[in-house]
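J.: Dropping in target.txt, which is compact mmCIF, C-alpha atoms:
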# COMPACT_ATOMS: atom_id res chain seq x y z
CA MET A 17 -66.05 -17.67 104.69
CA LYS A 18 -62.87 -19.34 105.98
CA LYS A 19 -60.81 -17.43 103.41
CA THR A 20 -62.39 -14.17 104.52
CA LEU A 21 -61.64 -14.86 108.18
CA VAL A 22 -58.03 -15.81 107.36
CA ALA A 23 -57.56 -12.61 105.31
CA PHE A 24 -59.13 -10.55 108.12
CA ALA A 25 -56.78 -12.17 110.68
CA ILE A 26 -53.75 -11.40 108.50
CA ILE A 27 -54.81 -7.76 108.16
CA LEU A 28 -55.37 -7.43 111.92
CA SER A 29 -51.98 -8.95 112.71
CA ALA A 30 -50.31 -6.58 110.22
CA PHE A 31 -51.94 -3.58 111.94
CA GLY A 32 -50.84 -4.96 115.30
CA ALA A 33 -47.24 -5.23 114.07
CA ILE A 34 -47.39 -1.67 112.77
CA ALA A 35 -48.81 -0.43 116.07
CA ASP A 36 -45.93 -2.10 117.99
CA THR A 37 -43.30 -0.47 115.76
CA PRO A 38 -41.92 2.74 117.28
CA PRO A 39 -42.27 5.81 115.06
CA ALA A 40 -39.25 6.82 113.02
CA PRO A 41 -37.40 9.85 114.39
CA PRO A 42 -38.08 13.08 112.49
CA PRO A 43 -35.40 13.96 109.93
CA THR A 44 -32.74 16.42 111.07
CA PRO A 45 -32.88 19.52 108.87
CA ARG A 46 -29.61 20.63 107.25
CA VAL A 47 -28.84 24.30 107.53
CA SER A 48 -27.20 26.05 104.60
CA VAL A 49 -25.20 29.15 105.37
CA PHE A 50 -24.98 31.77 102.67
CA SER A 51 -22.90 34.92 102.62
CA THR A 52 -24.45 37.74 104.53
CA SER A 53 -25.91 40.68 102.67
CA THR A 54 -25.21 43.04 105.56
CA ASP A 55 -23.42 46.23 104.59
CA TRP A 56 -20.61 45.96 107.15
CA GLN A 57 -19.06 49.25 106.07
CA ALA A 58 -22.30 51.11 106.81
CA LEU A 59 -22.88 49.18 110.02
CA THR A 60 -19.41 49.71 111.49
CA GLY A 61 -18.44 53.00 109.85
CA LEU A 62 -15.19 51.28 108.82
CA LEU A 63 -14.04 50.54 105.29
CA LEU A 64 -13.61 46.96 104.14
CA ASN A 65 -10.24 46.18 102.58
CA GLU A 66 -9.06 43.06 100.81
CA TYR A 67 -6.23 41.12 102.43
CA ASN A 68 -4.14 38.28 101.02
CA GLY A 69 -2.89 35.51 103.26
CA HIS A 70 0.52 33.91 102.90
CA PHE A 71 1.53 30.80 104.82
CA LYS A 72 4.79 29.75 106.42
CA PRO A 73 4.61 25.94 106.30
CA ASP A 74 4.96 23.56 109.22
CA SER A 75 5.84 20.00 108.19
CA LYS A 76 4.30 18.48 111.35
CA LEU A 77 0.91 20.07 110.61
CA ILE A 78 1.05 19.50 106.85
CA GLY A 79 2.00 15.84 107.18
CA ASN A 80 2.71 13.49 104.25
CA LYS A 81 -0.43 14.19 102.18
CA GLY A 82 -1.00 17.86 102.76
CA LEU A 83 -3.22 20.19 104.72
CA VAL A 84 -6.57 21.55 103.56
CA LEU A 85 -7.69 24.78 105.25
CA TYR A 86 -11.11 26.42 104.96
CA TYR A 87 -11.31 29.96 106.33
CA LEU A 88 -14.00 30.36 109.00
CA ASP A 89 -15.66 33.78 108.78
CA GLY A 90 -15.51 35.93 111.87
CA PHE A 91 -15.46 39.62 112.64
CA PRO A 92 -13.49 41.64 111.55
CA CYS A 93 -13.11 39.51 108.38
CA TYR A 94 -15.26 37.69 105.87
CA GLY A 95 -14.04 35.24 103.27
CA LEU A 96 -14.21 36.14 99.61
CA GLY A 97 -15.81 33.22 97.74
CA TYR A 98 -12.83 32.51 95.52
CA GLY A 99 -10.27 32.53 98.32
CA VAL A 100 -11.44 30.57 101.34
CA ARG A 101 -9.89 27.14 100.55
CA VAL A 102 -6.15 26.55 100.55
CA TRP A 103 -4.21 23.30 100.20
CA LEU A 104 -0.65 23.27 101.52
CA GLY A 105 1.49 20.29 100.65
CA PRO A 106 4.88 18.82 101.32
CA ASN A 107 7.90 20.50 99.69
CA ASN A 108 6.30 23.99 99.82
CA LYS A 109 3.59 23.14 97.29
CA HIS A 110 0.26 24.91 97.57
CA ASP A 111 -3.04 25.27 95.75
CA GLY A 112 -5.34 28.22 96.31
CA GLU A 113 -4.87 31.54 98.01
CA LEU A 114 -6.44 33.09 101.08
CA HIS A 115 -8.43 36.22 100.16
CA ILE A 116 -10.53 37.90 102.82
CA ALA A 117 -12.23 41.27 103.29
CA CYS A 118 -11.72 42.91 106.67
CA VAL A 119 -12.66 46.13 108.44
CA TYR A 120 -9.17 46.00 109.98
CA PRO A 121 -6.32 43.44 109.89
CA PRO A 122 -7.10 40.43 112.09
CA GLU A 123 -4.86 39.37 114.95
CA THR A 124 -5.95 35.72 114.65
CA ILE A 125 -7.70 33.62 112.02
CA ASN A 126 -9.69 30.41 112.40
CA PHE A 127 -9.71 27.58 109.89
CA SER A 128 -11.42 24.24 109.57
CA TRP A 129 -8.57 21.83 108.81
CA ARG A 130 -7.87 18.27 107.77
CA ASN A 131 -4.97 16.37 106.29
CA ALA A 132 -5.69 15.36 102.69
CA ALA A 133 -4.18 15.19 99.23
CA ARG A 134 -4.41 18.18 96.88
CA ASP A 135 -7.35 16.96 94.81
CA ALA A 136 -9.28 15.31 97.64
CA ASP A 137 -13.02 15.82 97.58
CA GLN A 138 -14.56 18.26 100.01
CA ALA A 139 -15.23 16.32 103.18
CA ALA A 140 -15.66 16.99 106.86
CA GLY A 141 -12.72 18.69 108.48
CA THR A 142 -10.99 17.44 111.59
CA GLY A 143 -11.51 20.50 113.76
CA MET A 144 -10.62 24.15 114.28
CA LEU A 145 -7.18 25.65 113.88
CA THR A 146 -6.54 29.10 115.38
CA CYS A 147 -3.57 30.97 113.99
CA PRO A 148 -1.95 34.28 114.95
CA VAL A 149 -1.54 36.70 112.07
CA ASP A 150 1.22 39.16 111.26
CA ALA A 151 -0.02 42.02 109.06
CA ASP A 152 2.08 44.14 106.73
CA GLY A 153 -0.25 46.45 104.87
CA ARG A 154 -2.72 44.23 103.00
CA ASP A 155 -0.51 41.13 103.26
CA LEU A 156 -1.13 38.71 106.10
CA THR A 157 1.40 36.10 107.17
CA ILE A 158 0.23 32.95 108.94
CA ASP A 159 3.06 30.91 110.46
CA LEU A 160 1.53 27.44 110.76
CA SER A 161 4.02 26.44 113.47
CA ARG A 162 2.34 29.02 115.77
CA CYS A 163 -1.22 27.75 115.18
CA GLN A 164 -3.15 26.01 117.93
CA LYS A 165 -5.36 23.01 117.25
CA GLY A 166 -8.73 23.34 118.89
CA LYS A 167 -11.25 20.64 119.59
CA ASP A 168 -12.14 18.15 116.90
CA TRP A 169 -15.59 18.87 115.43
CA SER A 170 -16.94 15.68 117.03
CA GLU A 171 -16.16 17.14 120.47
CA TYR A 172 -18.48 20.13 120.06
CA LYS A 173 -21.92 19.63 121.53
Rewrite the structure from the file as structure tokens, please.
T.:
Amino acid sequence: MKKTLVAFAIILSAFGAIADTPPAPPPTPRVSVFSTSTDWQALTGLLLNEYNGHFKPDSKLIGNKGLVLYYLDGFPCYGLGYGVRVWLGPNNKHDGELHIACVYPPETINFSWRNAARDADQAAGTGMLTCPVDADGRDLTIDLSRCQKGKDWSEYK
């Protein structure tokens, strides 16, 4: 009988401890963004054209390791899957090309940016970089010395 009472007391105290424990917060769902299937040509009445981006380097922005840029989609342009990541390094080295489809040449382009070595794993960027664009036909020139750093991602609420 004593053993039964002791076991019962242990069970009750365990339930009491559980009841005093605050519930765990619900998990935050991750949102995955996939390319849109919208027919932008039909929607706008404008033809999509492919544009290639070329960069004029800026040593202050590139730094010692290099600069990784990820194109951020935004009307009038959408990134083509094989051309949205570019690494620009010291001494005019680069890896990747900017390829986007646009209904007309953009005046500015936004990137997520961070300083990292060429083969660095994909990781969170530092923030947004907004760059003016000079267009010559289907070639776009982005002079990195004219880009403006926006807020760091941690500053967005």
J.: What lies within 6 Å of region 142-153 of chain A using all atoms listed in the file, ignoring chain neighbours under 2 positions off, as a PyMOL selection string?
T.: chain A and resi 123-130+155-158+163-169
J.: List the neighbours of region 65-74 of chain A out to 8 Å using only C-alpha atoms; skip same-chain residues closer than 6 positions along the sequence, and give me the result as a list of chain:residue names.
T.: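 Close residues of region 65-74 of chain A: A:Leu104, A:Asn108, A:Glu113, A:Leu114, A:His115, A:Ile116, A:Ala117, A:Cys118, A:Val119, A:Tyr120, A:Pro121, A:Arg154, A:Asp155, A:Leu156, A:Thr157, A:Ile158, A:Asp159, A:Leu160, A:Ser161.
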J.: Given the point (-6.4, 11.4, 100.1) in the file's coordinates, find the residues that have an atom at most 12 Å from it, counting all atoms listed in the file, and give them as a list in words.
T.: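 Selection result: Gly79, Asn80, Lys81, Gly82, Leu83, Val84, Gly105, Arg130, Asn131, Ala132, Ala133, Arg134, Asp135, Ala136, Asp137, Gln138 and Ala139 of chain A.
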J.: Which value, in Å to one decimal, gives the distance between CA of Leu64 (chain A) and CA of Arg101 (chain A)?
T.: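 These atoms are spaced 20.5 Å apart.
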